[in-house]
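Enquirer: Here you go, this is run00.cif (mmCIF, C-alpha atoms and all ligand atoms).
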```cif
data_entry
#
loop_
_atom_site.label_atom_id
_atom_site.label_comp_id
_atom_site.auth_asym_id
_atom_site.auth_seq_id
_atom_site.Cartn_x
_atom_site.Cartn_y
_atom_site.Cartn_z
CA MET N 1 -93.17 -74.82 -39.37
CA THR N 2 -91.66 -77.01 -36.70
CA SER N 3 -91.04 -80.38 -38.22
CA PRO N 4 -90.17 -83.53 -36.24
CA GLU N 5 -87.06 -83.64 -38.42
CA LYS N 6 -85.81 -80.38 -36.91
CA HIS N 7 -86.44 -81.50 -33.33
CA HIS N 8 -84.71 -84.72 -34.11
CA THR N 9 -81.60 -83.02 -35.48
CA TYR N 10 -81.49 -80.54 -32.63
CA GLY N 11 -81.87 -83.25 -29.98
CA VAL N 12 -79.27 -85.49 -31.54
CA GLU N 13 -76.77 -82.66 -32.01
CA ASN N 14 -77.16 -81.65 -28.39
CA THR N 15 -76.69 -85.21 -27.21
CA ILE N 16 -73.54 -85.58 -29.31
CA LYS N 17 -72.16 -82.26 -28.02
CA ASN N 18 -72.88 -83.10 -24.36
CA GLU N 19 -71.43 -86.58 -24.63
CA SER N 20 -68.33 -85.32 -26.45
CA ARG N 21 -67.83 -82.87 -23.60
CA LEU N 22 -68.13 -85.74 -21.10
CA MET N 23 -65.58 -87.78 -23.06
CA ASP N 24 -63.19 -84.81 -23.06
CA THR N 25 -63.56 -84.48 -19.28
CA ILE N 26 -62.93 -88.21 -18.81
CA ASN N 27 -59.86 -88.12 -21.05
CA GLU N 28 -58.49 -85.01 -19.33
CA LYS N 29 -58.78 -86.88 -16.02
CA GLY N 30 -56.65 -89.66 -17.51
CA GLY N 31 -59.37 -92.12 -18.49
CA PHE N 32 -62.38 -93.95 -17.05
CA GLN N 33 -60.59 -95.55 -14.08
CA LYS N 34 -59.43 -92.24 -12.62
CA TYR N 35 -62.61 -90.38 -13.50
CA LEU N 36 -64.96 -92.99 -12.03
CA SER N 37 -62.94 -93.57 -8.86
CA GLU N 38 -63.65 -89.94 -7.93
CA LEU N 39 -67.43 -90.41 -8.23
CA ASN N 40 -69.29 -91.27 -5.03
CA ASP N 41 -71.73 -93.54 -6.82
CA PHE N 42 -69.13 -95.59 -8.76
CA LYS N 43 -69.58 -98.73 -6.68
CA GLY N 44 -73.37 -98.36 -6.80
CA ALA N 45 -73.25 -98.67 -10.60
CA PHE N 46 -72.56 -102.39 -10.17
CA LYS N 47 -75.73 -104.36 -9.63
CA GLU N 48 -76.14 -107.75 -8.01
CA LYS N 49 -78.75 -110.39 -8.87
CA VAL N 50 -79.71 -108.95 -12.24
CA THR N 51 -82.51 -111.05 -13.75
CA THR N 52 -83.31 -109.14 -16.95
CA CYS N 53 -81.72 -109.19 -20.40
CA ILE N 54 -82.08 -106.35 -22.91
CA CYS N 55 -80.32 -105.41 -26.15
CA CYS N 56 -76.88 -103.73 -26.40
CA ASP N 57 -78.52 -100.72 -28.06
CA GLY N 58 -77.39 -97.57 -26.23
CA ARG N 59 -80.72 -95.86 -26.81
CA ILE N 60 -82.34 -98.24 -24.34
CA ASP N 61 -82.06 -97.03 -20.78
CA ALA N 62 -82.47 -99.92 -18.38
CA HIS N 63 -84.01 -97.87 -15.58
CA GLN N 64 -86.18 -95.68 -17.77
CA ASP N 65 -87.43 -98.37 -20.15
CA VAL N 66 -87.38 -101.49 -18.02
CA GLY N 67 -87.30 -100.17 -14.48
CA GLU N 68 -84.36 -102.30 -13.38
CA PRO N 69 -80.73 -103.09 -14.23
CA ALA N 70 -80.12 -105.55 -17.06
CA VAL N 71 -77.45 -107.58 -18.78
CA ARG N 72 -76.87 -106.69 -22.42
CA LEU N 73 -76.81 -108.96 -25.47
CA PRO N 74 -77.68 -108.25 -29.13
CA GLY N 75 -81.39 -108.70 -29.85
CA VAL N 76 -83.25 -111.84 -30.89
CA PHE N 77 -80.30 -114.29 -30.62
CA VAL N 78 -80.79 -115.78 -34.07
CA PHE N 79 -77.04 -115.52 -34.71
CA GLU N 80 -76.22 -117.75 -31.73
CA ALA N 81 -75.02 -120.95 -33.35
CA ASN N 82 -75.95 -123.01 -30.30
CA LYS N 83 -79.13 -121.60 -28.79
CA SER N 84 -79.43 -124.27 -26.13
CA LEU N 85 -75.92 -123.51 -24.86
CA HIS N 86 -76.73 -119.80 -24.99
CA ALA N 87 -79.84 -120.41 -22.89
CA GLN N 88 -77.81 -122.42 -20.37
CA ARG N 89 -75.37 -119.53 -19.95
CA LEU N 90 -78.24 -117.13 -19.30
CA HIS N 91 -79.93 -119.49 -16.83
CA ARG N 92 -76.66 -120.00 -14.95
CA ALA N 93 -76.24 -116.23 -14.68
CA GLY N 94 -79.71 -115.95 -13.08
CA ILE N 95 -81.48 -114.36 -16.06
CA THR N 96 -85.22 -115.07 -16.05
CA LYS N 97 -86.74 -112.55 -18.47
CA ILE N 98 -85.87 -111.10 -21.88
CA TYR N 99 -87.15 -108.05 -23.76
CA SER N 100 -87.29 -107.30 -27.48
CA HIS N 101 -87.20 -103.71 -28.70
CA GLU N 102 -88.16 -101.34 -31.50
CA ASP N 103 -85.64 -100.48 -34.27
CA CYS N 104 -83.29 -103.30 -33.28
CA GLY N 105 -80.21 -103.29 -35.55
CA ALA N 106 -79.33 -106.87 -34.64
CA GLY N 107 -82.95 -107.86 -35.29
CA LYS N 108 -82.85 -106.22 -38.70
CA ALA N 109 -79.57 -107.94 -39.63
CA ALA N 110 -81.10 -111.25 -38.56
CA TYR N 111 -84.25 -110.56 -40.59
CA LEU N 112 -82.21 -109.75 -43.71
CA SER N 113 -80.11 -112.89 -43.32
CA MET N 114 -83.29 -114.98 -43.29
CA HIS N 115 -85.33 -113.10 -45.93
CA ALA N 116 -83.23 -112.74 -49.09
CA ASP N 117 -86.50 -112.09 -50.95
CA ASN N 118 -87.33 -108.96 -48.91
CA PRO N 119 -84.27 -106.67 -48.75
CA ASP N 120 -86.26 -103.62 -47.61
CA PRO N 121 -88.58 -104.77 -44.80
CA SER N 122 -91.15 -102.39 -43.36
CA HIS N 123 -91.10 -101.15 -39.79
CA GLU N 124 -94.06 -103.42 -39.02
CA GLU N 125 -92.36 -106.49 -40.47
CA LEU N 126 -89.23 -105.85 -38.38
CA ARG N 127 -91.26 -105.24 -35.25
CA ALA N 128 -93.25 -108.46 -35.73
CA PHE N 129 -90.03 -110.37 -36.40
CA ALA N 130 -88.25 -109.06 -33.26
CA ILE N 131 -91.23 -109.94 -31.07
CA GLU N 132 -91.76 -113.36 -32.65
CA LYS N 133 -88.11 -114.44 -32.49
CA THR N 134 -87.60 -113.27 -28.91
CA LYS N 135 -90.85 -114.95 -27.78
CA MET N 136 -89.84 -118.13 -29.57
CA PHE N 137 -86.49 -118.25 -27.77
CA CYS N 138 -88.17 -117.57 -24.41
CA ASP N 139 -90.83 -120.26 -24.92
CA GLU N 140 -88.36 -122.85 -26.09
CA TYR N 141 -85.78 -122.34 -23.35
CA GLY N 142 -87.85 -121.40 -20.31
CA PHE N 143 -87.57 -117.61 -20.02
CA GLU N 144 -90.31 -115.08 -19.51
CA TYR N 145 -90.88 -112.86 -22.56
CA ALA N 146 -90.99 -109.50 -20.76
CA GLY N 147 -92.33 -107.34 -23.60
CA HIS N 148 -91.34 -105.02 -26.41
CA ILE N 149 -89.49 -101.79 -25.54
CA GLU N 150 -90.66 -98.80 -27.58
CA ASN N 151 -87.90 -96.41 -28.64
CA ASP N 152 -88.42 -92.69 -28.87
CA ALA N 153 -89.57 -92.41 -32.49
CA LEU N 154 -87.39 -89.34 -33.06
CA ASN N 155 -84.21 -90.97 -31.85
CA GLU N 156 -83.24 -92.70 -35.08
CA VAL N 157 -79.56 -91.87 -34.87
CA HIS N 158 -77.12 -93.93 -32.80
CA THR N 159 -75.24 -91.30 -30.80
CA GLU N 160 -73.06 -93.85 -28.95
CA GLN N 161 -69.35 -93.00 -28.97
CA VAL N 162 -68.41 -95.68 -26.46
CA LEU N 163 -69.05 -99.40 -25.96
CA TYR N 164 -69.07 -100.71 -22.39
CA PHE N 165 -67.55 -104.16 -22.70
CA ASP N 166 -68.45 -105.82 -19.41
CA ALA N 167 -66.05 -108.73 -18.98
CA THR N 168 -66.99 -109.46 -15.35
CA THR N 169 -68.09 -113.00 -14.46
CA PRO N 170 -71.80 -113.61 -15.16
CA GLY N 171 -73.86 -113.77 -11.98
CA THR N 172 -71.49 -111.40 -10.12
CA PRO N 173 -72.26 -107.64 -9.93
CA SER N 174 -72.49 -106.20 -13.44
CA PHE N 175 -72.08 -102.65 -14.68
CA GLU N 176 -75.26 -100.62 -15.13
CA GLN N 177 -74.52 -97.44 -17.06
CA SER N 178 -77.97 -95.96 -16.32
CA GLU N 179 -76.82 -95.53 -12.70
CA LEU N 180 -74.32 -92.91 -13.87
CA LYS N 181 -76.57 -91.17 -16.37
CA GLY N 182 -75.29 -87.70 -17.23
CA LYS N 183 -71.88 -88.49 -15.75
CA ILE N 184 -70.67 -90.91 -18.42
CA PRO N 185 -71.60 -91.06 -22.11
CA GLN N 186 -74.52 -93.31 -22.97
CA GLY N 187 -72.95 -96.18 -24.87
CA PHE N 188 -73.57 -99.55 -26.40
CA ALA N 189 -73.19 -102.21 -23.73
CA LEU N 190 -72.20 -105.84 -24.09
CA SER N 191 -72.19 -108.47 -21.36
CA ALA N 192 -69.21 -110.05 -23.07
CA GLU N 193 -68.95 -113.19 -20.92
CA LEU N 194 -72.56 -114.09 -21.72
CA SER N 195 -72.09 -113.78 -25.45
CA GLY N 196 -71.61 -116.84 -27.63
CA ASP N 197 -69.12 -114.84 -29.71
CA TRP N 198 -68.08 -111.44 -28.34
CA ARG N 199 -65.84 -110.69 -31.35
CA ARG N 200 -68.83 -111.00 -33.67
CA ASP N 201 -70.91 -108.80 -31.35
CA VAL N 202 -68.24 -106.08 -31.00
CA GLU N 203 -67.79 -105.99 -34.78
CA ALA N 204 -71.56 -105.69 -35.25
CA LEU N 205 -71.82 -102.83 -32.73
CA LEU N 206 -68.85 -100.96 -34.19
CA GLY N 207 -70.44 -101.57 -37.59
CA ILE N 208 -73.53 -99.67 -36.38
CA ALA N 209 -71.42 -96.87 -34.85
CA PHE N 210 -69.60 -96.37 -38.15
CA SER N 211 -72.67 -96.83 -40.39
CA GLY N 212 -74.90 -94.08 -41.76
CA HIS N 213 -76.99 -94.43 -38.56
CA GLY N 214 -74.07 -93.83 -36.20
CA ILE N 215 -71.73 -90.96 -35.41
CA GLY N 216 -68.41 -92.81 -35.73
CA VAL N 217 -67.45 -91.19 -39.02
CA GLU N 218 -68.25 -87.73 -37.61
CA LEU N 219 -66.03 -88.49 -34.61
CA VAL N 220 -63.12 -89.36 -36.87
CA LYS N 221 -63.70 -86.22 -38.97
CA SER N 222 -63.39 -84.12 -35.83
CA GLY N 223 -60.13 -85.84 -34.86
CA LYS N 224 -61.66 -88.16 -32.25
CA LYS N 225 -62.13 -91.88 -31.90
CA PHE N 226 -64.72 -94.36 -30.70
CA THR N 227 -63.85 -95.85 -27.29
CA VAL N 228 -64.26 -99.46 -26.16
CA VAL N 229 -64.39 -99.40 -22.35
CA VAL N 230 -63.43 -102.78 -20.89
CA ILE N 231 -64.71 -103.60 -17.40
CA ALA N 232 -63.08 -106.39 -15.37
CA GLU N 233 -62.79 -107.72 -11.83
CA THR N 234 -59.04 -107.32 -11.42
CA GLU N 235 -56.21 -105.30 -12.90
CA SER N 236 -54.63 -108.37 -14.51
CA ILE N 237 -57.89 -109.57 -16.07
CA LEU N 238 -58.45 -106.03 -17.34
CA GLU N 239 -55.06 -105.99 -19.05
CA SER N 240 -55.61 -109.38 -20.64
CA LYS N 241 -59.14 -108.49 -21.86
CA LYS N 242 -57.89 -105.20 -23.30
CA LYS N 243 -55.27 -107.18 -25.18
CA ASP N 244 -57.98 -109.54 -26.53
CA VAL N 245 -60.03 -106.58 -27.77
CA ASP N 246 -56.92 -105.01 -29.30
CA GLU N 247 -56.14 -108.22 -31.17
CA MET N 248 -59.73 -108.42 -32.36
CA LEU N 249 -59.54 -104.86 -33.73
CA LYS N 250 -56.25 -105.63 -35.45
CA SER N 251 -57.59 -108.78 -37.10
CA SER N 252 -60.94 -107.31 -38.17
CA GLU N 253 -61.47 -106.87 -41.89
CA ILE N 254 -63.94 -104.01 -41.46
CA ILE N 255 -62.91 -100.92 -43.43
CA ILE N 256 -64.27 -97.49 -42.51
CA ASP N 257 -64.45 -94.90 -45.25
CA VAL N 258 -64.07 -91.30 -44.07
CA ASP N 259 -64.24 -88.82 -46.94
CA GLY N 260 -62.60 -91.30 -49.29
CA THR N 261 -59.86 -92.34 -46.87
CA GLN N 262 -59.91 -95.98 -45.77
CA HIS N 263 -59.40 -96.78 -42.11
CA THR N 264 -59.19 -100.08 -40.26
CA LEU N 265 -60.97 -100.46 -36.90
CA GLU N 266 -57.60 -100.15 -35.20
CA ASP N 267 -57.27 -96.62 -36.65
CA VAL N 268 -60.62 -95.35 -35.40
CA VAL N 269 -61.13 -97.12 -32.06
CA VAL N 270 -59.26 -96.69 -28.76
CA ILE N 271 -59.44 -99.03 -25.78
CA ASP N 272 -59.87 -97.80 -22.23
CA GLY N 273 -61.14 -99.65 -19.18
CA PHE N 274 -61.60 -99.91 -15.44
CA VAL N 275 -61.65 -102.41 -12.61
CA ARG N 276 -64.87 -103.09 -10.68
CA PRO N 277 -64.53 -101.53 -7.21
CA SER N 278 -64.39 -104.07 -4.39
ZN ZN O 301 -81.29 -104.14 -30.54
#
```
If you convert what's in this file into structure tokens, what do you get?
Expert:
Amino acid sequence: MTSPEKHHTYGVENTIKNESRLMDTINEKGGFQKYLSELNDFKGAFKEKVTTCICCDGRIDAHQDVGEPAVRLPGVFVFEANKSLHAQRLHRAGITKIYSHEDCGAGKAAYLSMHADNPDPSHEELRAFAIEKTKMFCDEYGFEYAGHIENDALNEVHTEQVLYFDATTPGTPSFEQSELKGKIPQGFALSAELSGDWRRDVEALLGIAFSGHGIGVELVKSGKKFTVVVIAETESILESKKKDVDEMLKSSEIIIDVDGTQHTLEDVVVIDGFVRPS
């Protein structure tokens, strides 16, 4: 009998294998900067006048699911301490519409933080919560609620082995990984300069990568690491942002257990990066 479970495992394993191969190619080239500068469509992966915001979740493909490039911030925004300030940042960057999505990890964390009485919410409860909270933010701060993105039901595993940390100035061309689909690994993506607290967001995303739903632990078991890919406008900004991320990793208290051995984030994450082509 062909069970969905089997398809799922097969699809995920293939994705992991293909993306690991891509990472090996990129590393053999000497990193993202060198690898990307040899691609004809590198510059085209930066999009101007982006008006849409979707979640950092790497399973969401901006072109496929939304039909246009998007900035990336963790779902539902309930962790933003100052929502009005957050809305101002988005408005200034030209964002007009926001999507919620299915199986949102950030949405689930938010739900759990607000519902101590319901530690095991159903799929329907989480879906309703993601839609309600995103709509509420849109209504209150003048954005269009653009709809709920359905994930492929079989794709329950987070196969991301990279995080694209876009540190370019909001409102200027931003990196759209979907433009280079098949040429770079599909990763989490964070529009870091639009975040109210990028350290919190990076920790949350790495937390997913190294949870039971991610492949981080498997990477470490096979002698590899998770890669944070910093994107900046100039060489000197790139160096300074890489240093910031490095300091964040060093100061994080997250501990990753791999077969009984404890690792800090610094042990299991490497930092790479590239400059936006002019
Ligand atoms: Zn999400």
Enquirer: Counting all atoms listed in the file, which residues sit no farther than 12 Å from the position (-72.6, -114.4, -31.3) in the file's frame? I'd like them as an mmCIF file with C-alpha atoms, in the coordinates of the input.
Expert:
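For reference, point.cif as written:
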```cif
data_model
loop_
_atom_site.group_PDB
_atom_site.id
_atom_site.type_symbol
_atom_site.label_atom_id
_atom_site.label_comp_id
_atom_site.auth_asym_id
_atom_site.auth_seq_id
_atom_site.Cartn_x
_atom_site.Cartn_y
_atom_site.Cartn_z
ATOM 1 C CA LEU N 73 -76.810 -108.960 -25.470
ATOM 2 C CA PRO N 74 -77.680 -108.250 -29.130
ATOM 3 C CA GLY N 75 -81.390 -108.700 -29.850
ATOM 4 C CA VAL N 76 -83.250 -111.840 -30.890
ATOM 5 C CA PHE N 77 -80.300 -114.290 -30.620
ATOM 6 C CA VAL N 78 -80.790 -115.780 -34.070
ATOM 7 C CA PHE N 79 -77.040 -115.520 -34.710
ATOM 8 C CA GLU N 80 -76.220 -117.750 -31.730
ATOM 9 C CA ALA N 81 -75.020 -120.950 -33.350
ATOM 10 C CA ASN N 82 -75.950 -123.010 -30.300
ATOM 11 C CA LYS N 83 -79.130 -121.600 -28.790
ATOM 12 C CA LEU N 85 -75.920 -123.510 -24.860
ATOM 13 C CA HIS N 86 -76.730 -119.800 -24.990
ATOM 14 C CA ALA N 106 -79.330 -106.870 -34.640
ATOM 15 C CA ALA N 110 -81.100 -111.250 -38.560
ATOM 16 C CA LEU N 190 -72.200 -105.840 -24.090
ATOM 17 C CA SER N 191 -72.190 -108.470 -21.360
ATOM 18 C CA ALA N 192 -69.210 -110.050 -23.070
ATOM 19 C CA GLU N 193 -68.950 -113.190 -20.920
ATOM 20 C CA LEU N 194 -72.560 -114.090 -21.720
ATOM 21 C CA SER N 195 -72.090 -113.780 -25.450
ATOM 22 C CA GLY N 196 -71.610 -116.840 -27.630
ATOM 23 C CA ASP N 197 -69.120 -114.840 -29.710
ATOM 24 C CA TRP N 198 -68.080 -111.440 -28.340
ATOM 25 C CA ARG N 199 -65.840 -110.690 -31.350
ATOM 26 C CA ARG N 200 -68.830 -111.000 -33.670
ATOM 27 C CA ASP N 201 -70.910 -108.800 -31.350
ATOM 28 C CA VAL N 202 -68.240 -106.080 -31.000
ATOM 29 C CA GLU N 203 -67.790 -105.990 -34.780
ATOM 30 C CA ALA N 204 -71.560 -105.690 -35.250
ATOM 31 C CA LEU N 205 -71.820 -102.830 -32.730
#
```
Enquirer: If you take all atoms listed in the file and a cut-off of 7 Å, which residues of chain N touch ligand ZN 301 (chain O), and what are their nearest atom pairs and distances in Å to one decimal, in chain and number order, as a Markdown table?
Expert:
```
| residue | atom | partner | partner_atom | distance |
| --- | --- | --- | --- | --- |
| N:Cys55 | CA | O:ZN301 | ZN | 4.7 |
| N:Cys56 | CA | O:ZN301 | ZN | 6.1 |
| N:Asp57 | CA | O:ZN301 | ZN | 5.1 |
| N:Pro74 | CA | O:ZN301 | ZN | 5.6 |
| N:Gly75 | CA | O:ZN301 | ZN | 4.6 |
| N:His101 | CA | O:ZN301 | ZN | 6.2 |
| N:Asp103 | CA | O:ZN301 | ZN | 6.8 |
| N:Cys104 | CA | O:ZN301 | ZN | 3.5 |
| N:Gly105 | CA | O:ZN301 | ZN | 5.2 |
| N:Ala106 | CA | O:ZN301 | ZN | 5.3 |
| N:Gly107 | CA | O:ZN301 | ZN | 6.3 |
```
Enquirer: Of the candidates N:Glu48, N:Glu124, N:Asp139, N:Glu150, which one gets nearest to Ser100 (chain N) if we count all atoms listed in the file?
Expert: N:Glu150
Enquirer: N:Ala45, N:Val220, N:Leu22, N:Val71: which is nearest Gln262 (chain N), counting all atoms listed in the file?
Expert: N:Val220
Enquirer: Determine the nearest neighbour of Thr159 (chain N) from the options N:Leu39, N:Ile215, N:Ile231, N:Leu90, counting only C-alpha atoms.
Expert: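 Closest to Thr159 (chain N), using only C-alpha atoms: N:Ile215.
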Enquirer: Find the residues with any atom within 10 Å of (-75.3, -87.2, -29.1); use all atoms listed in the file and the coordinates as given in the file, and write the answer as a list in words.
Expert: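 Here is the list of nearby residues: Thr9, Tyr10, Gly11, Val12, Glu13, Asn14, Thr15, Ile16, Lys17, Asn18, Glu19, Ser20, Val157, His158, Thr159, Glu160, Gln161, Pro185, Gln186, Gly214 and Ile215 of chain N.
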Enquirer: With only C-alpha atoms as the atoms that count, which of N:Asp272, N:Glu156, N:Asp117, N:Glu179 lies nearest to Ala232 (chain N)?
Expert: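 When distances to Ala232 (chain N) are compared using only C-alpha atoms, the smallest one comes from N:Asp272.
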Enquirer: Any idea what the distance is between CA of Val229 (chain N) and CA of Ala209 (chain N)?
Expert: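 Computed distance, CA of Val229 (chain N) to CA of Ala209 (chain N), equals 14.6 Å.
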Enquirer: To one decimal place, how far is CA of Phe188 (chain N) from CA of Val66 (chain N) in Å?
Expert: 16.3 Å
Enquirer: Pick out the closest residue to Thr51 (chain N) from this set: N:Asp120, N:Glu235, N:Glu68, N:Glu176. Count all atoms listed in the file.
Expert: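 Nearest candidate to Thr51 (chain N) out of N:Asp120, N:Glu235, N:Glu68, N:Glu176: N:Glu68.
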Enquirer: Taking only C-alpha atoms into account, which of N:Arg92, N:Lys242, N:Arg276, N:His148 comes nearest Thr168 (chain N)?
Expert: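 Of N:Arg92, N:Lys242, N:Arg276, N:His148, the one nearest Thr168 (chain N) is N:Arg276, counting only C-alpha atoms.
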Enquirer: To one decimal place, how far is CA of Glu247 (chain N) from CA of Gly31 (chain N) in Å?
Expert: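 So the two atoms, CA of Glu247 (chain N) and CA of Gly31 (chain N), lie 20.7 Å apart.
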